[in-house]
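Student: Okay, here's the structure, questions in a sec.
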Amino acid sequence: MNPALQELGESESMKVAGLARQLRLQGRDIVSLALGDSHFSPHPHIVEQINAAMQAGKTHYGDPQGLLALREQIAARLPGKHWTPEHLLVVPGLKQGLYYLFDAILSRKICVLEPAWLGYQATAKLVGAETIAIDRTDPDWLDQLTRADFDTLVLCTPNNPDGKIFGGDEIRQLVDICREQNAWLISDEIYSIFDYTNQWKSLADLTDYDQLIICNGFSKSHAMTGFRIGWLASQNRELIATCLKLQQHIATCVNIPTQHGLAHVLAAEIECTADPNYYFENRNLVVETLPNLKPYRPSGGFYFFFPTTVFSDLTGYEFASQLLQQQGVAVVPGGAYGDNFENWIRLSFSVNRSDLHEGLRRIEDFAKGSA
């Protein structure tokens, strides 16, 4: 068996979500605040257009790079340099897109700024690359990054799990470091519409660095995580062409009816279904109910990431395990997001408000008992 697969652990968030489902099947009343999945449904117009595409027989092989109409719509919305459909590749979810990128650019030392989404390290393992982790909560993190040896830097803005939005000054420093290293800079912007500060900007708007890659998609913004539609953008057409070859051999093409539906929705300028204002209010509800979490209020995304010490002396795993067993609330242990976060927790507030209110009430009761 492939050694990389033997070393690869389960996705912690999926593992927790699976356990929550099992407990529900056993009759337990479970509130899941584990997954980063919008509770909204896709816009009815998307569903209508997908159905129309299927009824019209648009269910066969399509352009492996992505439907031209969809790529045109995405390119028209990208800031900064002139973007054309040839700069883009539509992929079956960003996880697979990142795999293409790491493989295509021959990444051997991939740097991530922790806390970071667990998938970056997992994907690095799959392509046989080393991960260099920089703890961004360390005051000296930028100096550490300057001294690090890497060929690819991955960042997420707004960040999963703590919601940090990288500002212009920080981006300029990161670009300078990447330029010095001659490294690729991958910007995962999947949470871009969930900005509660009105300060978020795409890296495409903040820098003209020629080794920049923008990653985004429709999973979070359009409440379509199960449809698996993402995209990659780079001014380096050779890179896109190489990723396209991988896609041709691994996936052939991306779900064609869904691409038709999204192209129509973007062309009609229909707003995203997943309402940032709703989650902004959810974010405020978390702080109102659990004031100890105020210092960890995220600038974007839809997670709180906080140390268990605000409530107890339990480790992150102990906190999550006992909370689920005793109160029926699922959250994700922070160790999944970096080696220095074993005593942290990620809590998702991308749920129906009544469920969030009940989950927070149970956490409050649990905290009183474990203090």
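Here's how to read the names in the structure tokens: chain A, B, ... by the order shown, residue numbers from 1 in each chain, ligand numbers from 1 in the order shown.
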Could you please write out, as a PyMOL selection string, every residue of region 41-247 of chain A that DSSP assigns to alpha helix (DSSP H)?
Tutor: chain A and resi 44-55+68-77+94-104+119-126+141-147+168-181+203-206+237-247
Student: Write out, as JSON lines, each residue of region 224-294 of chain A that has an atom at most 9 Å from region 347-360 of chain A, together with the closest pair of atoms and their distance in Å to one decimal, counting only C-alpha atoms, rows going by chain and rising number.
Tutor:
{"residue": "A:Tyr278", "atom": "CA", "partner": "A:Arg353", "partner_atom": "CA", "distance": 8.6}
{"residue": "A:Tyr279", "atom": "CA", "partner": "A:Ser350", "partner_atom": "CA", "distance": 6.3}
{"residue": "A:Glu281", "atom": "CA", "partner": "A:Arg353", "partner_atom": "CA", "distance": 8.9}
{"residue": "A:Asn282", "atom": "CA", "partner": "A:Phe349", "partner_atom": "CA", "distance": 6.2}
{"residue": "A:Arg283", "atom": "CA", "partner": "A:Phe349", "partner_atom": "CA", "distance": 6.7}
{"residue": "A:Leu285", "atom": "CA", "partner": "A:His357", "partner_atom": "CA", "distance": 7.6}
{"residue": "A:Val286", "atom": "CA", "partner": "A:Leu360", "partner_atom": "CA", "distance": 7.0}
{"residue": "A:Thr289", "atom": "CA", "partner": "A:Leu360", "partner_atom": "CA", "distance": 6.7}
{"residue": "A:Leu290", "atom": "CA", "partner": "A:Leu360", "partner_atom": "CA", "distance": 7.4}
Student: Write the residues of the preceding selection, restricted to C-alpha atoms, as a tab-separated table (two decimals), in the first residue's frame.
Tutor:
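Saved result, result04.tsv, follows:
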chain	number	residue	atom	x	y	z
A	278	TYR	CA	-27.44	35.89	8.52
A	279	TYR	CA	-24.09	34.46	9.60
A	281	GLU	CA	-25.92	37.79	13.19
A	282	ASN	CA	-25.07	34.21	14.12
A	283	ARG	CA	-21.54	35.33	14.95
A	285	LEU	CA	-25.25	35.47	18.90
A	286	VAL	CA	-22.24	33.32	19.80
A	289	THR	CA	-24.36	33.77	24.64
A	290	LEU	CA	-20.73	32.92	25.39
Student: Might you pull out every residue within 9 Å of region 99-112 of chain A, with only C-alpha atoms counted and same-chain residues fewer than 6 positions away left off, and present them as an MDAnalysis selection string?
Tutor: chainID A and resid 120:121 123:124 126:135 145 148:155 184 186 232 239:240 242:244 246:247
Student: Produce a file of the selected residues containing N, CA, C and O atoms, as a compact mmCIF listing (two decimals), in the first residue's frame.
Tutor:
# COMPACT_ATOMS: atom_id res chain seq x y z
N TYR A 120 -4.70 20.96 3.64
CA TYR A 120 -3.44 21.34 2.99
C TYR A 120 -2.34 20.31 3.26
O TYR A 120 -1.64 19.86 2.36
N GLN A 121 -2.19 19.96 4.54
CA GLN A 121 -1.16 18.99 4.88
C GLN A 121 -1.48 17.61 4.31
O GLN A 121 -0.58 16.89 3.87
N THR A 123 -3.13 16.90 1.57
CA THR A 123 -2.86 16.90 0.13
C THR A 123 -1.36 16.91 -0.14
O THR A 123 -0.88 16.26 -1.08
N ALA A 124 -0.60 17.63 0.69
CA ALA A 124 0.85 17.63 0.54
C ALA A 124 1.41 16.21 0.69
O ALA A 124 2.28 15.79 -0.07
N LEU A 126 -0.12 13.46 0.00
CA LEU A 126 -0.51 12.66 -1.15
C LEU A 126 0.43 12.85 -2.34
O LEU A 126 0.61 11.93 -3.14
N VAL A 127 1.03 14.04 -2.46
CA VAL A 127 1.96 14.27 -3.58
C VAL A 127 3.42 14.08 -3.14
O VAL A 127 4.33 14.35 -3.90
N GLY A 128 3.60 13.60 -1.91
CA GLY A 128 4.95 13.34 -1.42
C GLY A 128 5.74 14.57 -1.04
O GLY A 128 6.98 14.55 -1.03
N ALA A 129 5.04 15.64 -0.70
CA ALA A 129 5.72 16.89 -0.34
C ALA A 129 5.84 17.03 1.17
O ALA A 129 5.04 16.48 1.93
N GLU A 130 6.82 17.79 1.59
CA GLU A 130 7.01 18.11 3.00
C GLU A 130 6.20 19.35 3.34
O GLU A 130 6.07 20.27 2.53
N THR A 131 5.63 19.38 4.54
CA THR A 131 4.89 20.56 5.00
C THR A 131 5.71 21.32 6.01
O THR A 131 6.22 20.74 6.97
N ILE A 132 5.86 22.61 5.79
CA ILE A 132 6.52 23.50 6.75
C ILE A 132 5.42 24.34 7.39
O ILE A 132 4.73 25.11 6.71
N ALA A 133 5.22 24.15 8.70
CA ALA A 133 4.16 24.85 9.40
C ALA A 133 4.72 26.05 10.16
O ALA A 133 5.71 25.93 10.88
N ILE A 134 4.07 27.19 9.98
CA ILE A 134 4.41 28.40 10.72
C ILE A 134 3.22 28.77 11.59
O ILE A 134 2.09 28.93 11.09
N ASP A 135 3.46 28.88 12.89
CA ASP A 135 2.39 29.22 13.83
C ASP A 135 2.16 30.73 13.78
O ASP A 135 2.94 31.51 14.30
N LEU A 145 8.82 32.91 8.95
CA LEU A 145 8.51 32.63 7.54
C LEU A 145 9.66 33.09 6.64
O LEU A 145 10.01 32.41 5.67
N ALA A 148 12.27 30.48 6.68
CA ALA A 148 11.85 29.14 6.26
C ALA A 148 12.26 28.87 4.81
O ALA A 148 12.41 29.80 4.00
N ASP A 149 12.43 27.61 4.49
CA ASP A 149 12.79 27.18 3.13
C ASP A 149 11.57 26.47 2.53
O ASP A 149 11.18 25.39 2.98
N PHE A 150 10.93 27.09 1.53
CA PHE A 150 9.74 26.50 0.92
C PHE A 150 9.65 26.91 -0.53
O PHE A 150 10.26 27.89 -0.97
N ASP A 151 8.89 26.14 -1.32
CA ASP A 151 8.68 26.51 -2.72
C ASP A 151 7.23 26.88 -3.02
O ASP A 151 6.92 27.33 -4.12
N THR A 152 6.35 26.66 -2.03
CA THR A 152 4.94 27.00 -2.19
C THR A 152 4.40 27.48 -0.84
O THR A 152 4.63 26.83 0.18
N LEU A 153 3.71 28.61 -0.85
CA LEU A 153 3.06 29.12 0.35
C LEU A 153 1.55 29.11 0.11
O LEU A 153 1.07 29.64 -0.89
N VAL A 154 0.82 28.51 1.04
CA VAL A 154 -0.64 28.46 0.94
C VAL A 154 -1.24 29.28 2.06
O VAL A 154 -0.87 29.13 3.23
N LEU A 155 -2.16 30.16 1.71
CA LEU A 155 -2.90 30.87 2.75
C LEU A 155 -4.37 30.90 2.38
O LEU A 155 -4.76 30.75 1.23
N TRP A 184 5.75 29.81 -5.24
CA TRP A 184 4.36 30.02 -5.63
C TRP A 184 3.56 30.48 -4.42
O TRP A 184 3.82 30.06 -3.29
N ILE A 186 -0.33 30.49 -3.21
CA ILE A 186 -1.68 30.00 -3.46
C ILE A 186 -2.63 30.65 -2.46
O ILE A 186 -2.45 30.52 -1.25
N LEU A 232 -9.66 27.28 -10.34
CA LEU A 232 -8.29 27.78 -10.16
C LEU A 232 -8.04 28.86 -11.20
O LEU A 232 -8.50 28.74 -12.34
N LEU A 239 0.87 26.52 -16.35
CA LEU A 239 0.43 25.85 -15.13
C LEU A 239 -1.00 25.34 -15.29
O LEU A 239 -1.30 24.19 -14.95
N ILE A 240 -1.89 26.20 -15.80
CA ILE A 240 -3.28 25.78 -16.01
C ILE A 240 -3.34 24.61 -16.97
O ILE A 240 -4.11 23.65 -16.77
N THR A 242 -1.07 22.32 -17.46
CA THR A 242 -0.60 21.11 -16.79
C THR A 242 -1.68 20.55 -15.85
O THR A 242 -1.91 19.34 -15.81
N CYS A 243 -2.33 21.44 -15.11
CA CYS A 243 -3.43 21.00 -14.25
C CYS A 243 -4.56 20.41 -15.08
O CYS A 243 -5.22 19.44 -14.66
N LEU A 244 -4.79 20.98 -16.27
CA LEU A 244 -5.82 20.46 -17.17
C LEU A 244 -5.51 19.02 -17.59
O LEU A 244 -6.41 18.18 -17.67
N LEU A 246 -3.89 16.81 -15.86
CA LEU A 246 -4.22 15.96 -14.72
C LEU A 246 -5.73 15.74 -14.64
O LEU A 246 -6.20 14.62 -14.40
N GLN A 247 -6.48 16.82 -14.85
CA GLN A 247 -7.94 16.69 -14.79
C GLN A 247 -8.46 15.76 -15.87
O GLN A 247 -9.37 14.94 -15.62
Student: Could you jot down the CA of Leu185 (chain A) to CA of Thr137 (chain A) separation for me, Å, one decimal place?
Tutor: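 Answer for the CA of Leu185 (chain A) to CA of Thr137 (chain A) separation: 20.4 Å.
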Student: What does the distance from CA of Tyr196 (chain A) to CA of Asn277 (chain A) come to in Å, to one decimal?
Tutor: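 Separation of CA of Tyr196 (chain A) and CA of Asn277 (chain A): 8.3 Å.
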Student: Please provide as number ranges by chain all residues within 6 Å of His222 (chain A), with the sequence filter that same-chain residues fewer than 2 positions apart are discarded (counting only C-alpha atoms).
Tutor: A: 42, 218-220, 224, 272-274
Student: Keeping only C-alpha atoms, take the residues you just selected and write them out as a PDB file, in the first residue's frame.
Tutor:
ATOM      1  CA  PRO A  42     -29.026  26.492  -3.544  1.00  0.00           C
ATOM      2  CA  PHE A 218     -19.307  27.852  -5.231  1.00  0.00           C
ATOM      3  CA  SER A 219     -19.491  25.437  -2.302  1.00  0.00           C
ATOM      4  CA  LYS A 220     -19.753  27.992   0.477  1.00  0.00           C
ATOM      5  CA  MET A 224     -23.440  23.806  -3.011  1.00  0.00           C
ATOM      6  CA  CYS A 272     -25.602  34.150  -3.533  1.00  0.00           C
ATOM      7  CA  THR A 273     -27.970  32.022  -1.494  1.00  0.00           C
ATOM      8  CA  ALA A 274     -25.733  31.742   1.572  1.00  0.00           C
TER       9      ALA A 274
END
Student: Measuring between only C-alpha atoms, which one of A:Asp275, A:Arg24, A:Ile190, A:Leu67 shows the shortest distance to Gly230 (chain A)?
Tutor: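 Of A:Asp275, A:Arg24, A:Ile190, A:Leu67, the one nearest Gly230 (chain A) is A:Ile190, counting only C-alpha atoms.
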Student: Please identify which residues in region 62-219 of chain A DSSP calls strand (DSSP E or B) from the backbone, and express them as a PyMOL selection string.
Tutor: chain A and resi 88-91+109-114+130-135+152-156+184-188+195+212-217
Student: Ranking A:Ser299, A:Asn182, A:Gln199, A:Ser221 by minimum distance to Asn284 (chain A) and counting only C-alpha atoms, which one comes first?
Tutor: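 Under the stated criterion, the closest residue is A:Ser299.
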Student: For Tyr191 (chain A), list every protein, DNA or RNA residue within 12 Å, evaluated using only C-alpha atoms, and leave out those in the same chain fewer than 2 positions away; present the list as a ChimeraX atom specification.
Tutor: /A:36-38,156-165,187-189,193-196,200-202,215-223,274,276,299-303,350
Student: With distances taken over only C-alpha atoms, which of A:Val332, A:Ala233, A:Ile214, A:Ile50 is nearest to His264 (chain A)?
Tutor: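 Going through A:Val332, A:Ala233, A:Ile214, A:Ile50 one by one, the smallest distance to His264 (chain A) is for A:Ile50.
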